[in-house]
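This report concerns only the one structure given below.
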Amino acid sequence: MNAGGDDAAREADAAAAAKTFAALDQLATMVAIVHADGRCVFANAAFESVLGLSRRSVLRVRLFDWFVESRAISDTVAAVARNAFSTGRFDALLRRPAPAEPLPVHAIVSQTDDGDAVVVELIEIEQQIRLDREERAQGLAQASGELIRNLAHEIKNPLGGIRGAAQLLGMELAQPALAEYTQVIIEEVDRLQLLVDRLLAPHRLPHVVSDVNIHEVCERVHALIAAEHPRGLRVVRDYDTSIPEFRGDREQLIQAVLNIARNAAQALTERIAEGSAVLVLRTRVARQVTIDKRRWRLALELHIEDNGPGVRADLRDRIFYPLVSGREGGSGLGLTLAQTFVQQHDGTVEFESEPGRTIFKILVPLP
């Protein structure tokens, strides 16, 4: 009977704590309210999500037992609880149910109004690195975008004059052979004009918002890639058909996915010649996602994966910069435009790469 009574009391305490600390469920980082002896009073939704367990299961175990090395967390919690210092920080490994590997985290232990309880916040070190990288990328994208727009406008203005003068000159020349030179000028001006238009396009085209089905986007890209590479490239479609429609610009998203898929196909040139190239379009739902410092309950996760040689190490930190290309003859605009179009949907583009496997991941918030 006592055991049953203890369980009932524990359930009641957990319910009360869930009401008291409900606001902590809105945080993207893992947060727990813990007594000095390690008993968990509350664990937020992010904690449940990372461990892949229900809140009830999380609260049954002492917080200290979730750490590979428990000494640092137990000593810090005890010291903060007895007011030896107000805040403690350290790096640690958080256990997760098998077969998941332990998760590197940065732990912050802080005091609460309740002298016996402390707040333990756990920040995924990988997530923190990603957020820092994303913040830098956002700033660089804005700065480089402004620079490119200004430069494009300055280039655009004289191009019309050069083209018109070349046309007039061609009409005045009596020798056809000389007229060929003016035609070269006109063709090169037209090529530059096209480049400038592509630089300006993301910022001046109307944002046509409608309901978007991501799988219609993927099927359109699949059809285009298959037509461009009818042999040697196998396109695998791995869709989660439960993903709901969302508001967005369908054509922009098609262009974003197509740019990344074309980049992947170009990286697969040698494998296509061998007949062993594989391109994967994979859709999934991601939960509790932080994008540009905003937390979203659900997000679309679209992977564009290839089995090519991978992104060169010297390009990885600047692969989304304008005019940076890893292949001869490339404009260096494909990934820049893809990132711009996705950012206009409050999303982001990330990638991970190693020889034989490169994944570009598009994240877009879902309603």
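Identifiers in this document derive from the order of the structure tokens: chains are assigned A, B, ..., residues are numbered from 1 separately in each chain, and ligands are numbered from 1 in order of occurrence.
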**OP:** Could you give me, as an NGL selection string, each residue of region 140-320 of chain A that DSSP assigns to strand (DSSP E) when run on this structure's backbone?
**Re:** :A and (210-212 or 233-238 or 246-248 or 277-291 or 294-306)
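Every protein, DNA or RNA residue with an atom at most 7 Å from Gln339 (chain A), where only C-alpha atoms count and chain neighbours fewer than 4 positions away do not, is listed here: Leu335, Gln343, Thr348 and Val349 of chain A.
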**OP:** as a ChimeraX atom specification, list the residues of region 279-352 of chain A assigned to helix (DSSP H, G or I) by DSSP on the backbone atoms of this structure.
**Re:** /A:313-318,334-343
Counting only C-alpha atoms, what is within 9 Å of Arg357 (chain A), bar same-chain residues fewer than 6 positions away, as a compact mmCIF listing (two decimals) with N, CA and C atoms, in the first residue's frame?
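Here's the written file result-v3.txt:
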```
# COMPACT_ATOMS: atom_id res chain seq x y z
N GLU A 305 20.41 13.75 -51.24
CA GLU A 305 21.61 12.99 -50.92
C GLU A 305 22.21 12.38 -52.19
N ASP A 306 23.53 12.39 -52.27
CA ASP A 306 24.20 11.76 -53.42
C ASP A 306 25.39 10.94 -52.94
N ASN A 307 25.84 10.04 -53.79
CA ASN A 307 27.00 9.19 -53.45
C ASN A 307 28.24 9.63 -54.21
N GLY A 308 28.37 10.94 -54.39
CA GLY A 308 29.52 11.50 -55.09
C GLY A 308 30.75 11.65 -54.21
N PRO A 309 31.75 12.40 -54.70
CA PRO A 309 33.03 12.50 -53.99
C PRO A 309 32.99 13.39 -52.75
N GLY A 310 31.92 14.16 -52.57
CA GLY A 310 31.83 15.04 -51.41
C GLY A 310 32.29 16.45 -51.73
```
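Using only C-alpha atoms, the residues found no farther than 9 Å from Ile125 (chain A), other than those of its own chain fewer than 5 positions away, are Asp91, Leu103, Pro104, Val105, His106 and Arg130 of chain A.
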**OP:** Write out as a PyMOL selection string which residues come within 9 Å of Ala265 (chain A) when counting only C-alpha atoms, dropping same-chain ones fewer than 5 positions away.
**Re:** chain A and resi 225+229+233+260+272+277-279+306+308
Could you save those same residues with N, CA and C atoms as a tab-separated table (two decimals), in the first residue's frame?
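The resulting file, selection_36.tsv, is shown below:
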```
chain	number	residue	atom	x	y	z
A	225	ILE	N	15.45	16.21	-63.57
A	225	ILE	CA	16.76	15.56	-63.45
A	225	ILE	C	16.81	14.29	-64.28
A	229	HIS	N	19.44	13.48	-67.27
A	229	HIS	CA	20.37	12.35	-67.10
A	229	HIS	C	19.60	11.04	-67.25
A	233	LEU	N	22.16	7.49	-63.88
A	233	LEU	CA	21.78	8.11	-62.61
A	233	LEU	C	20.45	7.54	-62.14
A	260	ILE	N	19.98	22.47	-56.03
A	260	ILE	CA	20.78	21.56	-55.21
A	260	ILE	C	20.91	20.20	-55.90
A	272	ILE	N	28.08	8.68	-62.96
A	272	ILE	CA	27.07	8.55	-64.02
A	272	ILE	C	27.68	7.82	-65.21
A	277	ALA	N	25.68	6.03	-60.21
A	277	ALA	CA	25.29	7.25	-59.50
A	277	ALA	C	23.90	7.10	-58.88
A	278	VAL	N	23.77	7.58	-57.65
A	278	VAL	CA	22.49	7.52	-56.93
A	278	VAL	C	22.20	8.89	-56.33
A	279	LEU	N	21.00	9.37	-56.57
A	279	LEU	CA	20.52	10.62	-55.97
A	279	LEU	C	19.23	10.30	-55.20
A	306	ASP	N	23.53	12.39	-52.27
A	306	ASP	CA	24.20	11.76	-53.42
A	306	ASP	C	25.39	10.94	-52.94
A	308	GLY	N	28.37	10.94	-54.39
A	308	GLY	CA	29.52	11.50	-55.09
A	308	GLY	C	30.75	11.65	-54.21
```
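Counting from CA of Gly248 (chain A), the distance to CA of Gln344 (chain A) is 8.9 Å.
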Subject >> For Lys156 (chain A), the nearest of the candidates A:Asp116, A:Asp238, A:Asp197, A:Glu126, counting only C-alpha atoms >> reply: A:Asp197
Subject >> Distance criterion (only C-alpha atoms): nearest to Arg237 (chain A) out of A:Ala267, A:Leu258, A:Leu302, A:Val280 >> reply: A:Val280
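The residue that comes closest to Val289 (chain A), out of A:Gly164, A:Leu363, A:Arg250, A:Asp65 and on the basis of only C-alpha atoms, is A:Leu363.
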Near His222 (chain A), counting only C-alpha atoms, which residues have an atom at most 9 Å away, once you skip same-chain residues fewer than 5 positions from it, shown as a PDB file with C-alpha atoms, in the first residue's frame?
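Wrote selection-v4.pdb, looks like this:
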```pdb
ATOM      1  CA  VAL A 217       7.874  19.902 -55.853  1.00  0.00           C
ATOM      2  CA  ALA A 227      15.271  14.064 -68.414  1.00  0.00           C
ATOM      3  CA  VAL A 235      16.912   8.775 -58.493  1.00  0.00           C
ATOM      4  CA  ARG A 237      12.300   8.835 -53.868  1.00  0.00           C
ATOM      5  CA  LEU A 258      16.428  21.788 -58.473  1.00  0.00           C
ATOM      6  CA  ALA A 261      19.839  18.412 -57.158  1.00  0.00           C
ATOM      7  CA  LEU A 281      15.077  12.733 -52.438  1.00  0.00           C
TER       8      LEU A 281
END
```
Original post:
Contacts of region 176-180 of chain A at 10 Å or less, counting only C-alpha atoms, minus same-chain residues fewer than 6 places along, as an MDAnalysis selection string?
Top reply: chainID A and resid 166:167 169:170 186
Saved selection, atoms kept: C-alpha atoms, as a PDB file, in the first residue's frame:
```pdb
ATOM      1  CA  ALA A 166      27.531  47.201 -80.830  1.00  0.00           C
ATOM      2  CA  GLN A 167      24.304  46.823 -82.823  1.00  0.00           C
ATOM      3  CA  LEU A 169      28.351  49.537 -85.210  1.00  0.00           C
ATOM      4  CA  GLY A 170      27.417  46.229 -86.812  1.00  0.00           C
ATOM      5  CA  ILE A 186      26.301  41.405 -78.265  1.00  0.00           C
TER       6      ILE A 186
END
```
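Ranking A:Ala286, A:Ile108, A:Ile155, A:Ile362 by their shortest atom-to-atom distance to Ser49 (chain A), with only C-alpha atoms included, puts A:Ala286 first.
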Subject >> Shortest interatomic distance to Arg82 (chain A) - which of A:Ile319, A:Leu27, A:Leu51, A:Ala36, counting only C-alpha atoms >> reply: A:Ala36
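Using only C-alpha atoms, the shortest contact distance between Ser74 (chain A) and any of A:Pro102, A:Gly88, A:Pro365, A:Gly161 is found at A:Gly88.
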